[in-house]
Amino acid sequence: MTDSTAAPSRLDPALFGEGPARDDRFTVVDVWAEMVNLPDGHRDKQREFFHRQMNEEACVMENAARSLAEFPDADWRVRKGLARQCADEARHVLSYRRLLEARGGHLGQYPVMNFQYRILGRIDSLVGRLAIQNRSFEADGLDAATYARDEARQAGDHELADMYDAQQADEVCHIRLGNDLVRDQMAKAPRTAMVIARALTQAARAFARIFAGGGTEVEKYGIAVDARLEAGFSPEEVEAAVRMSDARRAAVRERATGGGVHG
Amino acid sequence: MIAAQGETKVVGGVVLRRDPAREPCFTVVQTDAEMQDWPDMSPISRRERLHRHMNNESGAMEIAARCLVDFPDTPWDLRMALARQVSDESRHANLLLQRLRELDGFKGEFPIANFEWGVTLMLEDLPGRLAVQNRTFEAGLIDILGTLRNRWREAGDDVTADMLEGILADEITHVRFANRWIKRLTEQDPRVLLKVAMAVRFLGRVNQQLAPKPGDVNAVGVEWTEERRQAPAVNVEDRREAEFTEEEITEVLKQAGFRSILPAGSLGE
Amino acid sequence: MGLTIRQKADRIGTFRFISVYLMETLARWVPTTPELEAKVLFGRHVWDFAQHADQLGRRTGELRAAAQYSLRPAAGYFKVLEAVASAPGTLERVAGFYDGFLPDLERRYRGYLAETDQLNDEPSVRIIERILFDLPRLKGDRIAFAAQRADLKPLDAGWATRIAALAAAEREFVTDRSPARTSAAV
Ligand SMILES: [Fe+2]
Ligand SMILES: [Fe+2]
Ligand SMILES: [Fe+2]
Ligand SMILES: [Fe+2]
């Protein structure tokens with residue numbers, strides 16, 4: 001077995017833990033700029049996306065699995081939820097692989113990065129990990145999947161739309177798991193808010209390093225309001241997310257048209 | 001034929017729900033005086049104990065089944081608990097029938113009575129039924145089984161003793177879910193407590209009117225002595241497991257005259 | 001095109017409705033059937049259908065419907081359920097339920113498995129597989145009952161066949177809700 005994570009990483013060990021094991025078919029890179037970032041409309045764009053997303057799903061699976069192993073004293077309900085998430089994400093990996101291969105791609109065709117796993121490796125509380133992974137990363141994924149599903153449906157790509165449709169339903173459950181845990185812990189110990197805030201700040205700093213060269217300049221989709229409400233976010237939280245997303249998209253648009261002050 | 005439902009009968013001046021369907025092989029009686037039971041552990045007494053218990057399990061199954069049918073808007077988790085109970089009681093009745101046959105008994109060998117069904121099915125709300133059937137009759141069964149199991153074992157019948165022990169474990173779960181749900185429903189709506197109180201009072205009145213008095217004799221001439229009329233030893237440990245509070249257990253102990261301190265097997269059960 | 005989330009939720013919710021209906025039907029029969037062997041047959045299976053309903057109901061909660069969401073089946077199919085429940089005697093109850101109705105229900109579960117994507121909808125698939133694992137045991141209990149009570153005579157020997165025919169005549173059993181409002185991005 002070859003572990004491609006053995007390659008030295010240039011990322012700050014204070015913010016990033018060890019990467020997950022990958023076999024030697026994969027080229028693992030550290031940051032977004034080292035990925036193959038194809039322009040919209042490129043004929044390989046979709047295959048690269050499936051490949052990238054397949055690995056992201058693997059990282060989420062690995063995060064859920066690691067939390068299950070590292071927090072044996074967590075509430076059984078939460079542990080059961082993590083076990084379920086682990087199985088769901090495994091399924092998502094397989095779904096992306098199936099699509100990738102059906103559409104002419106193959107494993108290891110493009111580089112992958114494991115930032116989700118590595119960021120979480122430096123968060124030492126379960127509530128912190130779920131706040132980042134389930135409430136932030138997956139909630140963002142939910143917005144993207146909702147948009148992508150509707151786009152695929154409109155384009156007549158029902159196979160893809162059906163997959164997003166199914167995954168979106170799963171993600172709602174994962175986010176709910178995070179929301180439930182956060183709510184429970186906050187009720188039990190108000191200090192939890194501090195733990196979460198610290199974790200989110202740390203994750204935001206790490207995230208910024210990964211995407212320093214771009215990759216967050218998305219203006220296509222906004223917040224999936226219904227799905228987020230279903231996933232247990234409060235109306236106030238969803239409203240705040242919509243406001244932030246609108247502002248972010250406006251800024252991206254402005255930059256894209258060259259009129260931005262950050263230009 | 002399928003028995004008609006929704007009818008009542010009058011026993012000793014008390015209006016009770018008419019009996020559930022029984023096969024013609026059974027003689028269904030209405031009072032303790034018509035029952036044939038013996039205080040000892042002779043072969044016929046053993047068979048009668050199993051036969052009576054079998055019918056009581058059947059009744060418990062029927063009561064839980066009716067609760068499922070009569071209260072479809074009950075919270076799903078409580079319906080699940082009731083469905084599970086139906087299946088447990090079915091298993092119990094089946095086990096007792098098998099054991100009865102192994103001891104050369106048969107269905108209809110002795111008279112049966114459906115007292116618990118008659119009382120519980122007069123109640124029109126679920127908390128009331130749970131209070132009477134699960135929290136009172138089945139909790140009483142926890143006490144009885146605690147004692148009986150030992151009697152069968154002392155009489156050298158480990159097979160029956162083991163079977164009763166298994167049944168006891170299930171009964172604890174039935175009493176416990178009733179305790180939990182009554183508490184939860186009462187927290188949601190304090191008026192539930194009133195329904196529970198009315199149900200328990202109804203049971204008290206029925207008991208007062210129908211319970212055998214000292215000096216009464218049953219169908220085989222066995223006299224109801226003061227000792228036989230008393231409740232069996234209170235099974236404190238298992239009642240605690242079924243989530244009765246310490247105060248409730250103390251109250252039951254008080255009413256039972258602290259009979260639990262008597263050595264096992266000395267009761268008239 | 002496969003099933004949308006809403007179509008899955010509606011099918012699973014319909015299976016849940018049916019499971020609850022069967023649970024209640026058996027429960028209704030427990031006190032009203034005289035034969036002890038039949039009572040305990042029904043009584044034990046009440047819990048099986050409750051568990052099926054519960055598992056299906058957990059799944060509806062994952063398919064973006066309410067947890068424990070039940071959808072009333074199509075009118076024609078509902079009449080079949082009512083026919084099963086209206087059996088005139090003990091043997092008709094047993095035969096109509098186990099020989100007439102359940103095989104058709106089993107076919108519908110298998111139809112769902114054939115229709116849905118095994119990977120994307122794996123949790124539904126697993127639940128239905130477990131249900132399908134249970135059904136032969138129920139059938140086995142029914143056969144054991146027949147052996148125990150070979151003395152019983154049917155009131156209507158053609159009952160189960162008629163139930164089976166009624167069920168088979170109803171191709172559609174799910175009433176689809178109107179299409180979901182898309183939860184597209186704001
Ligand atoms: Fe996923
Ligand atoms: Fe997820
Ligand atoms: Fe029982
Ligand atoms: Fe019980």
# chains A, B, ... in the order shown; residues from 1 in each chain; ligands from 1
call {"tool": "closest_atom_pairs", "arguments": {"of": "chain B", "to": "ligand 3", "cutoff": "12 Å", "atoms": "only C-alpha atoms and all ligand atoms", "output": "Markdown table"}}
result
| residue | atom | partner | partner_atom_place_in_ligand_line | distance |
| --- | --- | --- | --- | --- |
| B:His53 | CA | ligand 3 | 1 (Fe) | 8.9 |
| B:Met54 | CA | ligand 3 | 1 (Fe) | 9.0 |
| B:Asn55 | CA | ligand 3 | 1 (Fe) | 10.2 |
| B:Asn56 | CA | ligand 3 | 1 (Fe) | 7.9 |
| B:Glu57 | CA | ligand 3 | 1 (Fe) | 5.0 |
| B:Ser58 | CA | ligand 3 | 1 (Fe) | 8.2 |
| B:Gly59 | CA | ligand 3 | 1 (Fe) | 9.1 |
| B:Ala60 | CA | ligand 3 | 1 (Fe) | 6.5 |
| B:Met61 | CA | ligand 3 | 1 (Fe) | 7.6 |
| B:Glu62 | CA | ligand 3 | 1 (Fe) | 11.0 |
| B:Ile63 | CA | ligand 3 | 1 (Fe) | 11.3 |
| B:Ala64 | CA | ligand 3 | 1 (Fe) | 10.6 |
| B:Arg84 | CA | ligand 3 | 1 (Fe) | 11.0 |
| B:Gln85 | CA | ligand 3 | 1 (Fe) | 7.8 |
| B:Val86 | CA | ligand 3 | 1 (Fe) | 8.7 |
| B:Ser87 | CA | ligand 3 | 1 (Fe) | 9.3 |
| B:Asp88 | CA | ligand 3 | 1 (Fe) | 6.3 |
| B:Glu89 | CA | ligand 3 | 1 (Fe) | 4.3 |
| B:Ser90 | CA | ligand 3 | 1 (Fe) | 7.7 |
| B:Arg91 | CA | ligand 3 | 1 (Fe) | 8.0 |
| B:His92 | CA | ligand 3 | 1 (Fe) | 5.5 |
| B:Ala93 | CA | ligand 3 | 1 (Fe) | 7.5 |
| B:Asn94 | CA | ligand 3 | 1 (Fe) | 10.4 |
| B:Leu95 | CA | ligand 3 | 1 (Fe) | 10.3 |
| B:Leu96 | CA | ligand 3 | 1 (Fe) | 10.2 |
| B:Gln133 | CA | ligand 3 | 1 (Fe) | 11.1 |
| B:Asn134 | CA | ligand 3 | 1 (Fe) | 10.0 |
| B:Phe137 | CA | ligand 3 | 1 (Fe) | 10.5 |
| B:Glu138 | CA | ligand 3 | 1 (Fe) | 7.7 |
| B:Ala139 | CA | ligand 3 | 1 (Fe) | 10.7 |
| B:Gly140 | CA | ligand 3 | 1 (Fe) | 11.6 |
| B:Leu141 | CA | ligand 3 | 1 (Fe) | 8.5 |
| B:Ile142 | CA | ligand 3 | 1 (Fe) | 9.7 |
| B:Leu145 | CA | ligand 3 | 1 (Fe) | 10.4 |
| B:Met163 | CA | ligand 3 | 1 (Fe) | 11.3 |
| B:Leu164 | CA | ligand 3 | 1 (Fe) | 9.6 |
| B:Glu165 | CA | ligand 3 | 1 (Fe) | 11.1 |
| B:Gly166 | CA | ligand 3 | 1 (Fe) | 9.7 |
| B:Ile167 | CA | ligand 3 | 1 (Fe) | 6.0 |
| B:Leu168 | CA | ligand 3 | 1 (Fe) | 7.6 |
| B:Ala169 | CA | ligand 3 | 1 (Fe) | 9.4 |
| B:Asp170 | CA | ligand 3 | 1 (Fe) | 6.8 |
| B:Glu171 | CA | ligand 3 | 1 (Fe) | 5.7 |
| B:Ile172 | CA | ligand 3 | 1 (Fe) | 9.5 |
| B:Thr173 | CA | ligand 3 | 1 (Fe) | 10.1 |
| B:His174 | CA | ligand 3 | 1 (Fe) | 8.3 |
| B:Val175 | CA | ligand 3 | 1 (Fe) | 10.4 |
call {"tool": "residues_near_ligand", "arguments": {"ligand": "ligand 2", "cutoff": "8 Å", "atoms": "only C-alpha atoms and all ligand atoms", "output": "VMD selection string"}}
result
chain A and resid 57 60 to 61 85 88 to 89 134 138 167 170 to 175
call {"tool": "atom_distance", "arguments": {"atom1": "atom CA of Cys86 of chain A", "atom2": "atom CA of Leu130 of chain A"}}
result
13.2 Å
call {"tool": "select_by_dssp", "arguments": {"residues": "segment 52-110 of chain A", "states": "alpha helix (DSSP H)", "output": "PyMOL selection string"}}
result
chain A and resi 52-70+76-102
call {"tool": "interface_residues", "arguments": {"of": "chain C", "to": "chain B", "cutoff": "12 Å", "atoms": "only C-alpha atoms", "output": "ChimeraX atom specification"}}
result
/C:20-55,57-58,67-70,86-93,145,152-155
call {"tool": "residues_around", "arguments": {"residues": "segment 191-208 of chain B", "least_positions_apart": "4", "cutoff": "12 Å", "atoms": "only C-alpha atoms", "output": "PyMOL selection string"}}
result
chain B and resi 10-16+31-32+115-137+178-179+181-187+212-213+229
call {"tool": "decode", "arguments": {"residues": "segment 59-90 of chain C", "atoms": "N, CA, C and O atoms", "output": "tab-separated table (two decimals), in the first residue's frame"}}
result
chain	number	residue	atom	x	y	z
C	59	ARG	N	-37.57	6.71	7.23
C	59	ARG	CA	-37.04	7.00	5.89
C	59	ARG	C	-37.76	8.20	5.26
C	59	ARG	O	-37.12	9.02	4.61
C	60	THR	N	-39.08	8.30	5.45
C	60	THR	CA	-39.77	9.47	4.87
C	60	THR	C	-39.18	10.76	5.42
C	60	THR	O	-39.07	11.75	4.71
C	61	GLY	N	-38.77	10.71	6.70
C	61	GLY	CA	-38.15	11.89	7.31
C	61	GLY	C	-36.82	12.24	6.65
C	61	GLY	O	-36.35	13.37	6.74
C	62	GLU	N	-36.20	11.26	6.01
C	62	GLU	CA	-34.93	11.52	5.32
C	62	GLU	C	-35.16	11.92	3.87
C	62	GLU	O	-34.26	12.37	3.19
C	63	LEU	N	-36.36	11.67	3.40
C	63	LEU	CA	-36.69	11.97	2.01
C	63	LEU	C	-37.45	13.29	1.89
C	63	LEU	O	-38.27	13.48	1.01
C	64	ARG	N	-37.18	14.15	2.81
C	64	ARG	CA	-37.70	15.51	2.78
C	64	ARG	C	-39.22	15.57	2.91
C	64	ARG	O	-39.84	16.53	2.47
C	65	ALA	N	-39.80	14.54	3.50
C	65	ALA	CA	-41.20	14.63	3.95
C	65	ALA	C	-41.11	14.59	5.48
C	65	ALA	O	-40.01	14.52	6.04
C	66	ALA	N	-42.26	14.64	6.15
C	66	ALA	CA	-42.21	14.57	7.61
C	66	ALA	C	-41.76	13.17	8.04
C	66	ALA	O	-41.94	12.20	7.30
C	67	ALA	N	-41.15	13.09	9.21
C	67	ALA	CA	-40.87	11.77	9.78
C	67	ALA	C	-42.21	11.10	10.05
C	67	ALA	O	-43.17	11.76	10.44
C	68	GLN	N	-42.28	9.80	9.81
C	68	GLN	CA	-43.51	9.02	9.99
C	68	GLN	C	-44.66	9.60	9.16
C	68	GLN	O	-45.80	9.66	9.59
C	69	TYR	N	-44.31	9.99	7.95
C	69	TYR	CA	-45.31	10.51	7.01
C	69	TYR	C	-46.03	9.34	6.34
C	69	TYR	O	-45.40	8.42	5.84
C	70	SER	N	-47.35	9.37	6.38
C	70	SER	CA	-48.16	8.33	5.75
C	70	SER	C	-48.98	8.93	4.63
C	70	SER	O	-49.56	9.99	4.82
C	71	LEU	N	-49.02	8.26	3.51
C	71	LEU	CA	-49.85	8.75	2.40
C	71	LEU	C	-50.92	7.71	2.10
C	71	LEU	O	-50.61	6.54	1.85
C	72	ARG	N	-52.18	8.13	2.15
C	72	ARG	CA	-53.28	7.22	1.88
C	72	ARG	C	-53.18	6.72	0.43
C	72	ARG	O	-52.97	7.52	-0.48
C	73	PRO	N	-53.31	5.42	0.23
C	73	PRO	CA	-53.16	4.91	-1.13
C	73	PRO	C	-54.31	5.34	-2.04
C	73	PRO	O	-55.31	5.88	-1.57
C	74	ALA	N	-54.16	5.04	-3.31
C	74	ALA	CA	-55.19	5.32	-4.29
C	74	ALA	C	-56.50	4.66	-3.86
C	74	ALA	O	-56.49	3.62	-3.20
C	75	ALA	N	-57.62	5.28	-4.26
C	75	ALA	CA	-58.93	4.85	-3.77
C	75	ALA	C	-59.19	3.37	-4.02
C	75	ALA	O	-59.68	2.65	-3.15
C	76	GLY	N	-58.86	2.90	-5.23
C	76	GLY	CA	-59.13	1.50	-5.57
C	76	GLY	C	-58.35	0.55	-4.67
C	76	GLY	O	-58.87	-0.46	-4.19
C	77	TYR	N	-57.11	0.90	-4.43
C	77	TYR	CA	-56.27	0.04	-3.60
C	77	TYR	C	-56.75	0.07	-2.15
C	77	TYR	O	-56.72	-0.95	-1.45
C	78	PHE	N	-57.20	1.23	-1.70
C	78	PHE	CA	-57.70	1.33	-0.33
C	78	PHE	C	-58.89	0.40	-0.13
C	78	PHE	O	-59.06	-0.21	0.93
C	79	LYS	N	-59.70	0.26	-1.18
C	79	LYS	CA	-60.85	-0.65	-1.09
C	79	LYS	C	-60.38	-2.09	-0.89
C	79	LYS	O	-61.06	-2.88	-0.23
C	80	VAL	N	-59.25	-2.42	-1.46
C	80	VAL	CA	-58.70	-3.77	-1.27
C	80	VAL	C	-58.36	-3.97	0.21
C	80	VAL	O	-58.67	-5.00	0.80
C	81	LEU	N	-57.73	-2.95	0.79
C	81	LEU	CA	-57.40	-3.03	2.22
C	81	LEU	C	-58.67	-3.25	3.05
C	81	LEU	O	-58.70	-4.07	3.97
C	82	GLU	N	-59.69	-2.50	2.69
C	82	GLU	CA	-60.96	-2.63	3.43
C	82	GLU	C	-61.56	-4.02	3.25
C	82	GLU	O	-62.14	-4.58	4.19
C	83	ALA	N	-61.39	-4.55	2.05
C	83	ALA	CA	-61.92	-5.90	1.80
C	83	ALA	C	-61.18	-6.92	2.67
C	83	ALA	O	-61.80	-7.80	3.28
C	84	VAL	N	-59.86	-6.78	2.77
C	84	VAL	CA	-59.08	-7.69	3.62
C	84	VAL	C	-59.61	-7.63	5.05
C	84	VAL	O	-59.82	-8.66	5.70
C	85	ALA	N	-59.84	-6.41	5.52
C	85	ALA	CA	-60.26	-6.22	6.91
C	85	ALA	C	-61.67	-6.73	7.16
C	85	ALA	O	-62.04	-6.98	8.31
C	86	SER	N	-62.46	-6.91	6.10
C	86	SER	CA	-63.87	-7.27	6.30
C	86	SER	C	-64.10	-8.78	6.30
C	86	SER	O	-65.24	-9.24	6.20
C	87	ALA	N	-63.05	-9.56	6.41
C	87	ALA	CA	-63.18	-11.02	6.35
C	87	ALA	C	-64.23	-11.53	7.34
C	87	ALA	O	-64.26	-11.08	8.48
C	88	PRO	N	-65.07	-12.47	6.90
C	88	PRO	CA	-66.20	-12.88	7.75
C	88	PRO	C	-65.86	-13.85	8.88
C	88	PRO	O	-66.60	-13.95	9.84
C	89	GLY	N	-64.79	-14.56	8.80
C	89	GLY	CA	-64.48	-15.55	9.84
C	89	GLY	C	-62.99	-15.71	10.01
C	89	GLY	O	-62.20	-15.11	9.29
C	90	THR	N	-62.61	-16.54	10.96
C	90	THR	CA	-61.19	-16.69	11.29
C	90	THR	C	-60.36	-17.14	10.09
C	90	THR	O	-59.32	-16.55	9.78
